[in-house]
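See below for the structure under consideration.
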Amino acid sequence: MNARVFETALHESRPPAMGAGAARIAADYIRQRAGDAMSHPLRPPVCGIVLGSGLGGLAEHIVDAVRIPFSHIPGFPTATVAGHAGQLLVGTLADRPVVALAGRFHMYEGHDAALAAFPVRVLHALGAPVYIASNAAGGVRRTFEPGDLMLIADHMNLMYRNPLIGRPEPGDERFPDMSDPYDRGLRALMRTAAQQVGVPLHEGVYCGLLGPTYETPAEVRMLERLGVDAVGMSTVPEVIVARAVGMRAVAVSCITNKAAGLSHQALSHAEVMDAGRAVAGRFESLITEFVRRLPDGG
(Lines give C-alpha, C1' and ligand atoms only; values in the text may rest on other atoms or scores of the structure.)
Protein backbone atom coordinates (compact mmCIF):
# COMPACT_ATOMS: atom_id res chain seq x y z
CA MET A 1 0.00 0.00 0.00
CA ASN A 2 1.51 3.35 -1.02
CA ALA A 3 1.50 6.70 0.75
CA ARG A 4 -1.50 7.98 -1.22
CA VAL A 5 -3.61 5.01 -0.14
CA PHE A 6 -2.55 5.55 3.47
CA GLU A 7 -3.44 9.22 3.18
CA THR A 8 -6.89 8.22 1.92
CA ALA A 9 -7.29 5.83 4.85
CA LEU A 10 -6.17 8.60 7.19
CA HIS A 11 -9.00 10.85 6.04
CA GLU A 12 -11.65 8.14 5.66
CA SER A 13 -11.09 6.66 9.12
CA ARG A 14 -11.12 10.20 10.56
CA PRO A 15 -8.83 9.61 13.58
CA PRO A 16 -7.75 12.67 15.56
CA ALA A 17 -5.39 14.46 13.18
CA MET A 18 -2.26 13.97 15.25
CA GLY A 19 -3.42 11.29 17.65
CA ALA A 20 -2.86 7.60 18.28
CA GLY A 21 -4.88 6.48 15.26
CA ALA A 22 -2.93 8.68 12.88
CA ALA A 23 0.33 7.46 14.45
CA ARG A 24 -0.63 3.82 13.79
CA ILE A 25 -1.34 4.62 10.13
CA ALA A 26 2.04 6.34 9.78
CA ALA A 27 3.79 3.46 11.56
CA ASP A 28 2.14 0.91 9.26
CA TYR A 29 3.38 2.81 6.24
CA ILE A 30 6.93 2.98 7.65
CA ARG A 31 6.90 -0.76 8.42
CA GLN A 32 5.85 -1.55 4.87
CA ARG A 33 8.40 0.77 3.25
CA ALA A 34 11.20 -0.51 5.46
CA GLY A 35 10.13 -4.14 5.14
CA ASP A 36 10.03 -3.92 1.36
CA ALA A 37 13.52 -2.38 1.26
CA MET A 38 15.01 -4.82 3.79
CA SER A 39 13.25 -7.94 2.46
CA HIS A 40 12.36 -8.88 6.04
CA PRO A 41 9.94 -7.53 8.66
CA LEU A 42 11.01 -4.46 10.61
CA ARG A 43 12.45 -5.39 14.00
CA PRO A 44 11.10 -3.43 16.99
CA PRO A 45 13.57 -0.59 17.64
CA VAL A 46 15.35 -0.33 20.99
CA CYS A 47 14.87 3.43 20.76
CA GLY A 48 13.74 6.33 18.65
CA ILE A 49 16.18 9.21 18.16
CA VAL A 50 15.60 12.78 16.98
CA LEU A 51 18.59 14.72 15.64
CA GLY A 52 18.54 18.46 16.23
CA SER A 53 20.09 21.36 14.31
CA GLY A 54 23.62 20.57 13.15
CA LEU A 55 23.55 17.11 14.76
CA GLY A 56 22.32 15.10 11.79
CA GLY A 57 25.71 13.50 11.16
CA LEU A 58 24.74 10.59 13.40
CA ALA A 59 22.47 9.46 10.57
CA GLU A 60 25.57 8.47 8.60
CA HIS A 61 26.44 5.94 11.31
CA ILE A 62 23.13 4.10 10.98
CA VAL A 63 23.93 0.90 9.08
CA ASP A 64 21.76 -0.39 6.21
CA ALA A 65 19.54 2.62 6.65
CA VAL A 66 16.24 2.85 4.84
CA ARG A 67 15.57 6.57 4.35
CA ILE A 68 12.00 7.81 4.05
CA PRO A 69 11.38 11.52 3.35
CA PHE A 70 9.06 13.16 5.86
CA SER A 71 6.83 14.25 2.99
CA HIS A 72 6.08 10.60 2.17
CA ILE A 73 4.92 9.68 5.69
CA PRO A 74 1.20 10.17 6.36
CA GLY A 75 0.70 13.10 8.73
CA PHE A 76 4.26 14.45 8.42
CA PRO A 77 4.85 17.87 6.86
CA THR A 78 8.08 18.71 5.05
CA ALA A 79 10.96 19.93 7.23
CA THR A 80 11.78 23.57 6.47
CA VAL A 81 14.65 24.50 8.82
CA ALA A 82 18.27 24.50 7.64
CA GLY A 83 20.18 21.65 9.26
CA HIS A 84 17.12 19.37 9.35
CA ALA A 85 17.33 16.82 6.53
CA GLY A 86 13.67 15.86 6.86
CA GLN A 87 14.10 12.09 6.73
CA LEU A 88 13.14 9.13 8.88
CA LEU A 89 15.78 6.40 8.97
CA VAL A 90 15.34 2.76 9.89
CA GLY A 91 18.48 0.69 10.44
CA THR A 92 21.00 -0.34 13.08
CA LEU A 93 23.29 1.66 15.35
CA ALA A 94 25.84 -0.23 17.46
CA ASP A 95 24.21 -3.41 16.09
CA ARG A 96 20.88 -2.44 17.66
CA PRO A 97 17.72 -1.71 15.65
CA VAL A 98 16.81 1.99 15.79
CA VAL A 99 14.54 4.53 14.15
CA ALA A 100 15.93 8.06 13.78
CA LEU A 101 14.42 11.35 12.72
CA ALA A 102 16.89 13.59 10.89
CA GLY A 103 15.04 16.78 11.75
CA ARG A 104 11.89 17.75 13.62
CA PHE A 105 8.86 20.04 13.43
CA HIS A 106 8.82 23.27 15.42
CA MET A 107 5.93 25.39 16.59
CA TYR A 108 7.65 28.50 15.26
CA GLU A 109 7.15 27.05 11.76
CA GLY A 110 3.43 27.44 12.31
CA HIS A 111 2.74 23.94 13.62
CA ASP A 112 0.73 23.35 16.75
CA ALA A 113 2.15 21.50 19.75
CA ALA A 114 0.38 18.25 18.84
CA LEU A 115 2.10 18.16 15.45
CA ALA A 116 5.49 19.07 16.94
CA ALA A 117 5.15 15.99 19.15
CA PHE A 118 3.43 13.71 16.60
CA PRO A 119 6.65 11.91 15.53
CA VAL A 120 7.02 10.68 19.12
CA ARG A 121 3.62 9.01 18.82
CA VAL A 122 4.80 7.37 15.61
CA LEU A 123 8.01 6.10 17.26
CA HIS A 124 5.87 4.68 20.05
CA ALA A 125 3.57 3.01 17.52
CA LEU A 126 6.67 1.43 15.94
CA GLY A 127 7.47 -0.15 19.31
CA ALA A 128 10.29 2.10 20.57
CA PRO A 129 10.32 2.07 24.41
CA VAL A 130 12.91 4.87 24.72
CA TYR A 131 12.95 8.36 23.21
CA ILE A 132 16.34 10.06 22.74
CA ALA A 133 16.08 13.76 21.95
CA SER A 134 18.89 16.09 20.93
CA ASN A 135 18.83 19.80 20.28
CA ALA A 136 20.88 22.92 19.78
CA ALA A 137 20.62 25.32 22.73
CA GLY A 138 21.95 28.63 23.93
CA GLY A 139 24.03 28.54 27.08
CA VAL A 140 22.49 30.47 29.97
CA ARG A 141 24.87 29.01 32.55
CA ARG A 142 27.79 31.41 32.41
CA THR A 143 30.45 28.69 32.46
CA PHE A 144 29.09 27.04 29.31
CA GLU A 145 31.09 27.39 26.09
CA PRO A 146 30.01 26.64 22.52
CA GLY A 147 30.49 22.93 21.86
CA ASP A 148 29.65 21.78 25.40
CA LEU A 149 27.16 18.92 25.75
CA MET A 150 24.48 19.08 28.44
CA LEU A 151 22.42 16.14 29.64
CA ILE A 152 18.95 17.51 30.37
CA ALA A 153 17.91 16.77 33.94
CA ASP A 154 14.65 18.74 33.86
CA HIS A 155 12.87 21.29 31.74
CA MET A 156 10.80 24.44 32.03
CA ASN A 157 7.95 24.92 29.55
CA LEU A 158 7.75 28.62 28.71
CA MET A 159 6.29 27.87 25.27
CA TYR A 160 2.88 28.16 26.92
CA ARG A 161 1.65 25.30 24.73
CA ASN A 162 0.91 21.70 25.65
CA PRO A 163 0.45 18.90 23.07
CA LEU A 164 -2.02 17.06 25.33
CA ILE A 165 -4.70 19.77 25.37
CA GLY A 166 -8.03 18.33 24.25
CA ARG A 167 -9.60 14.96 24.81
CA PRO A 168 -7.10 12.25 25.79
CA GLU A 169 -5.90 9.84 23.14
CA PRO A 170 -6.41 6.09 23.67
CA GLY A 171 -3.52 4.83 25.77
CA ASP A 172 -2.45 8.28 26.97
CA GLU A 173 -2.07 9.13 30.63
CA ARG A 174 -4.53 11.98 31.19
CA PHE A 175 -2.32 13.68 33.81
CA PRO A 176 1.27 12.51 33.16
CA ASP A 177 3.65 12.63 36.11
CA MET A 178 6.43 15.06 35.20
CA SER A 179 8.45 14.70 38.41
CA ASP A 180 11.10 12.76 36.44
CA PRO A 181 10.53 13.66 32.75
CA TYR A 182 14.09 12.73 31.80
CA ASP A 183 14.40 9.22 33.16
CA ARG A 184 16.83 8.97 36.06
CA GLY A 185 18.09 5.53 35.03
CA LEU A 186 18.67 6.59 31.42
CA ARG A 187 20.54 9.68 32.59
CA ALA A 188 22.84 7.46 34.65
CA LEU A 189 23.38 5.25 31.60
CA MET A 190 24.20 8.33 29.49
CA ARG A 191 26.78 9.48 32.06
CA THR A 192 28.34 5.99 31.99
CA ALA A 193 28.47 6.11 28.19
CA ALA A 194 30.13 9.54 28.34
CA GLN A 195 32.82 8.26 30.69
CA GLN A 196 33.40 5.22 28.46
CA VAL A 197 34.05 7.31 25.34
CA GLY A 198 35.76 10.19 27.14
CA VAL A 199 33.17 12.85 26.31
CA PRO A 200 32.69 15.62 28.90
CA LEU A 201 29.00 15.84 29.80
CA HIS A 202 27.39 18.55 31.89
CA GLU A 203 23.90 18.32 33.35
CA GLY A 204 21.26 20.99 33.75
CA VAL A 205 17.81 22.46 33.18
CA TYR A 206 16.55 23.20 29.66
CA CYS A 207 13.94 25.86 28.96
CA GLY A 208 11.72 25.67 25.89
CA LEU A 209 10.62 28.99 24.36
CA LEU A 210 8.41 29.40 21.32
CA GLY A 211 10.81 31.33 19.06
CA PRO A 212 11.68 31.97 16.31
CA THR A 213 13.49 35.01 17.73
CA TYR A 214 16.47 34.46 19.95
CA GLU A 215 16.06 35.72 23.51
CA THR A 216 16.80 39.28 24.54
CA PRO A 217 19.44 39.97 27.20
CA ALA A 218 16.64 40.85 29.65
CA GLU A 219 14.94 37.52 28.98
CA VAL A 220 18.21 35.68 29.48
CA ARG A 221 18.72 37.42 32.84
CA MET A 222 15.21 36.30 33.82
CA LEU A 223 15.92 32.71 32.78
CA GLU A 224 19.18 32.71 34.72
CA ARG A 225 17.35 33.81 37.88
CA LEU A 226 14.73 31.09 37.32
CA GLY A 227 17.45 28.42 37.39
CA VAL A 228 17.69 27.68 33.65
CA ASP A 229 21.00 26.42 32.26
CA ALA A 230 20.21 26.26 28.52
CA VAL A 231 17.43 27.57 26.29
CA GLY A 232 16.01 26.39 22.97
CA MET A 233 12.90 26.11 20.82
CA SER A 234 12.05 22.39 20.80
CA THR A 235 12.07 19.11 22.77
CA VAL A 236 9.57 20.03 25.51
CA PRO A 237 6.35 19.03 23.67
CA GLU A 238 8.02 15.83 22.47
CA VAL A 239 8.99 14.76 25.98
CA ILE A 240 5.51 15.58 27.32
CA VAL A 241 3.97 13.19 24.78
CA ALA A 242 6.65 10.57 25.44
CA ARG A 243 5.67 10.59 29.11
CA ALA A 244 1.95 10.48 28.27
CA VAL A 245 2.34 7.33 26.15
CA GLY A 246 4.71 5.64 28.62
CA MET A 247 8.06 6.04 26.83
CA ARG A 248 11.19 6.68 28.84
CA ALA A 249 12.94 9.86 27.68
CA VAL A 250 16.50 11.17 27.74
CA ALA A 251 17.90 14.25 26.00
CA VAL A 252 21.20 15.97 25.24
CA SER A 253 21.67 19.64 24.31
CA CYS A 254 24.56 20.90 22.24
CA ILE A 255 25.46 24.34 23.57
CA THR A 256 25.95 26.27 20.34
CA ASN A 257 26.42 29.78 21.72
CA LYS A 258 26.34 31.88 24.84
CA ALA A 259 22.85 33.32 25.25
CA ALA A 260 22.21 36.97 24.45
CA GLY A 261 23.94 39.40 26.78
CA LEU A 262 26.55 36.88 27.94
CA SER A 263 28.92 37.67 25.07
CA HIS A 264 29.43 40.45 22.55
CA GLN A 265 28.80 38.13 19.58
CA ALA A 266 25.60 38.48 17.53
CA LEU A 267 23.49 35.31 17.34
CA SER A 268 22.67 33.51 14.08
CA HIS A 269 21.47 30.13 12.85
CA ALA A 270 24.73 29.78 10.92
CA GLU A 271 26.56 29.91 14.26
CA VAL A 272 24.26 27.18 15.59
CA MET A 273 25.06 24.98 12.58
CA ASP A 274 28.81 25.56 12.89
CA ALA A 275 28.82 24.64 16.59
CA GLY A 276 26.79 21.51 15.87
CA ARG A 277 29.28 20.38 13.26
CA ALA A 278 32.19 21.10 15.61
CA VAL A 279 30.81 18.87 18.34
CA ALA A 280 29.42 16.22 15.98
CA GLY A 281 32.11 13.61 16.60
CA ARG A 282 31.71 13.68 20.38
CA PHE A 283 27.92 13.68 20.15
CA GLU A 284 27.91 10.73 17.75
CA SER A 285 30.29 8.71 19.95
CA LEU A 286 28.16 9.43 23.02
CA ILE A 287 24.83 8.41 21.49
CA THR A 288 26.29 5.35 19.79
CA GLU A 289 27.75 4.10 23.09
CA PHE A 290 24.51 4.86 24.89
CA VAL A 291 22.48 2.84 22.36
CA ARG A 292 24.99 -0.01 22.66
CA ARG A 293 24.33 -0.14 26.41
CA LEU A 294 20.53 0.12 26.27
CA PRO A 295 18.89 -3.01 27.68
CA ASP A 296 16.42 -4.85 25.47
CA GLY A 297 12.95 -3.44 25.95
CA GLY A 298 14.35 -0.08 27.12
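Numbering starts fresh at 1 for the residues of each chain in the C-alpha coordinates, the chains themselves are lettered A, B, ... in the order given, and ligands are numbered from 1 as they appear.
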Contact table range 220-296 of chain A vs range 135-146 of chain A, cut-off 6 Å, shortest pair per residue, only C-alpha atoms, as JSON lines:
{"residue": "A:Asp229", "atom": "CA", "partner": "A:Arg141", "partner_atom": "CA", "distance": 4.7}
{"residue": "A:Ala230", "atom": "CA", "partner": "A:Gly139", "partner_atom": "CA", "distance": 4.7}
{"residue": "A:Val231", "atom": "CA", "partner": "A:Gly138", "partner_atom": "CA", "distance": 5.2}
{"residue": "A:Gly232", "atom": "CA", "partner": "A:Ala137", "partner_atom": "CA", "distance": 4.7}
{"residue": "A:Ser253", "atom": "CA", "partner": "A:Asn135", "partner_atom": "CA", "distance": 4.9}
{"residue": "A:Cys254", "atom": "CA", "partner": "A:Ala136", "partner_atom": "CA", "distance": 4.9}
{"residue": "A:Ile255", "atom": "CA", "partner": "A:Ala137", "partner_atom": "CA", "distance": 5.0}
{"residue": "A:Thr256", "atom": "CA", "partner": "A:Pro146", "partner_atom": "CA", "distance": 4.6}
{"residue": "A:Asn257", "atom": "CA", "partner": "A:Pro146", "partner_atom": "CA", "distance": 4.8}
{"residue": "A:Lys258", "atom": "CA", "partner": "A:Gly139", "partner_atom": "CA", "distance": 4.6}
{"residue": "A:Ala259", "atom": "CA", "partner": "A:Gly138", "partner_atom": "CA", "distance": 5.0}
Restricting it to N, CA and C atoms, dump the selection as a PDB file, in the first residue's frame.
ATOM      1  N   ASP A 229      19.607  26.551  32.692  1.00  0.00           N
ATOM      2  CA  ASP A 229      20.996  26.417  32.262  1.00  0.00           C
ATOM      3  C   ASP A 229      21.168  26.555  30.756  1.00  0.00           C
ATOM      4  N   ALA A 230      20.140  26.176  29.982  1.00  0.00           N
ATOM      5  CA  ALA A 230      20.209  26.257  28.519  1.00  0.00           C
ATOM      6  C   ALA A 230      18.810  26.517  27.991  1.00  0.00           C
ATOM      7  N   VAL A 231      18.728  27.172  26.835  1.00  0.00           N
ATOM      8  CA  VAL A 231      17.432  27.567  26.287  1.00  0.00           C
ATOM      9  C   VAL A 231      17.370  27.212  24.811  1.00  0.00           C
ATOM     10  N   GLY A 232      16.195  26.748  24.374  1.00  0.00           N
ATOM     11  CA  GLY A 232      16.009  26.389  22.972  1.00  0.00           C
ATOM     12  C   GLY A 232      14.547  26.482  22.574  1.00  0.00           C
ATOM     13  N   SER A 253      21.577  18.355  25.005  1.00  0.00           N
ATOM     14  CA  SER A 253      21.667  19.635  24.310  1.00  0.00           C
ATOM     15  C   SER A 253      23.105  19.897  23.894  1.00  0.00           C
ATOM     16  N   CYS A 254      23.283  20.374  22.670  1.00  0.00           N
ATOM     17  CA  CYS A 254      24.559  20.904  22.235  1.00  0.00           C
ATOM     18  C   CYS A 254      24.530  22.410  22.459  1.00  0.00           C
ATOM     19  N   ILE A 255      25.401  22.897  23.305  1.00  0.00           N
ATOM     20  CA  ILE A 255      25.462  24.336  23.566  1.00  0.00           C
ATOM     21  C   ILE A 255      26.172  24.985  22.383  1.00  0.00           C
ATOM     22  N   THR A 256      25.413  25.721  21.589  1.00  0.00           N
ATOM     23  CA  THR A 256      25.951  26.268  20.340  1.00  0.00           C
ATOM     24  C   THR A 256      26.446  27.700  20.486  1.00  0.00           C
ATOM     25  N   ASN A 257      26.042  28.370  21.546  1.00  0.00           N
ATOM     26  CA  ASN A 257      26.419  29.783  21.725  1.00  0.00           C
ATOM     27  C   ASN A 257      26.118  30.197  23.153  1.00  0.00           C
ATOM     28  N   LYS A 258      26.750  31.247  23.587  1.00  0.00           N
ATOM     29  CA  LYS A 258      26.341  31.879  24.840  1.00  0.00           C
ATOM     30  C   LYS A 258      25.079  32.683  24.562  1.00  0.00           C
ATOM     31  N   ALA A 259      24.108  32.615  25.456  1.00  0.00           N
ATOM     32  CA  ALA A 259      22.854  33.317  25.249  1.00  0.00           C
ATOM     33  C   ALA A 259      23.070  34.822  25.216  1.00  0.00           C
TER      34      ALA A 259
END
Quick one: everything within 7 Å of Leu101 in chain A, counting only C-alpha atoms, minus sequence neighbours fewer than 4 positions away in the same chain. Send it as an MDAnalysis selection string.
chainID A and resid 49:51 87:89
Rounded to one decimal in Å, what is the spacing between CA of Glu284 in chain A and CA of Arg187 in chain A?
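Value for the CA of Glu284 in chain A-CA of Arg187 in chain A distance: 16.6 Å.
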When distances are computed from only C-alpha atoms, which of A:Met18, A:Ile30, A:Val98, A:Val197 shows the smallest separation from His111 in chain A?
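For His111 in chain A, the nearest of the given residues is A:Met18.
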Name the residues in contact with Gly19 in chain A at a cut-off of 12 Å, using only C-alpha atoms, excluding same-chain residues fewer than 5 positions from it; report them as number ranges by chain.
A: 10, 14, 24-26, 75, 113-122, 124-125, 163-172, 241, 244-245
To one decimal place in Å, what is the distance between CA of Ala102 in chain A and CA of Ala23 in chain A?
18.0 Å
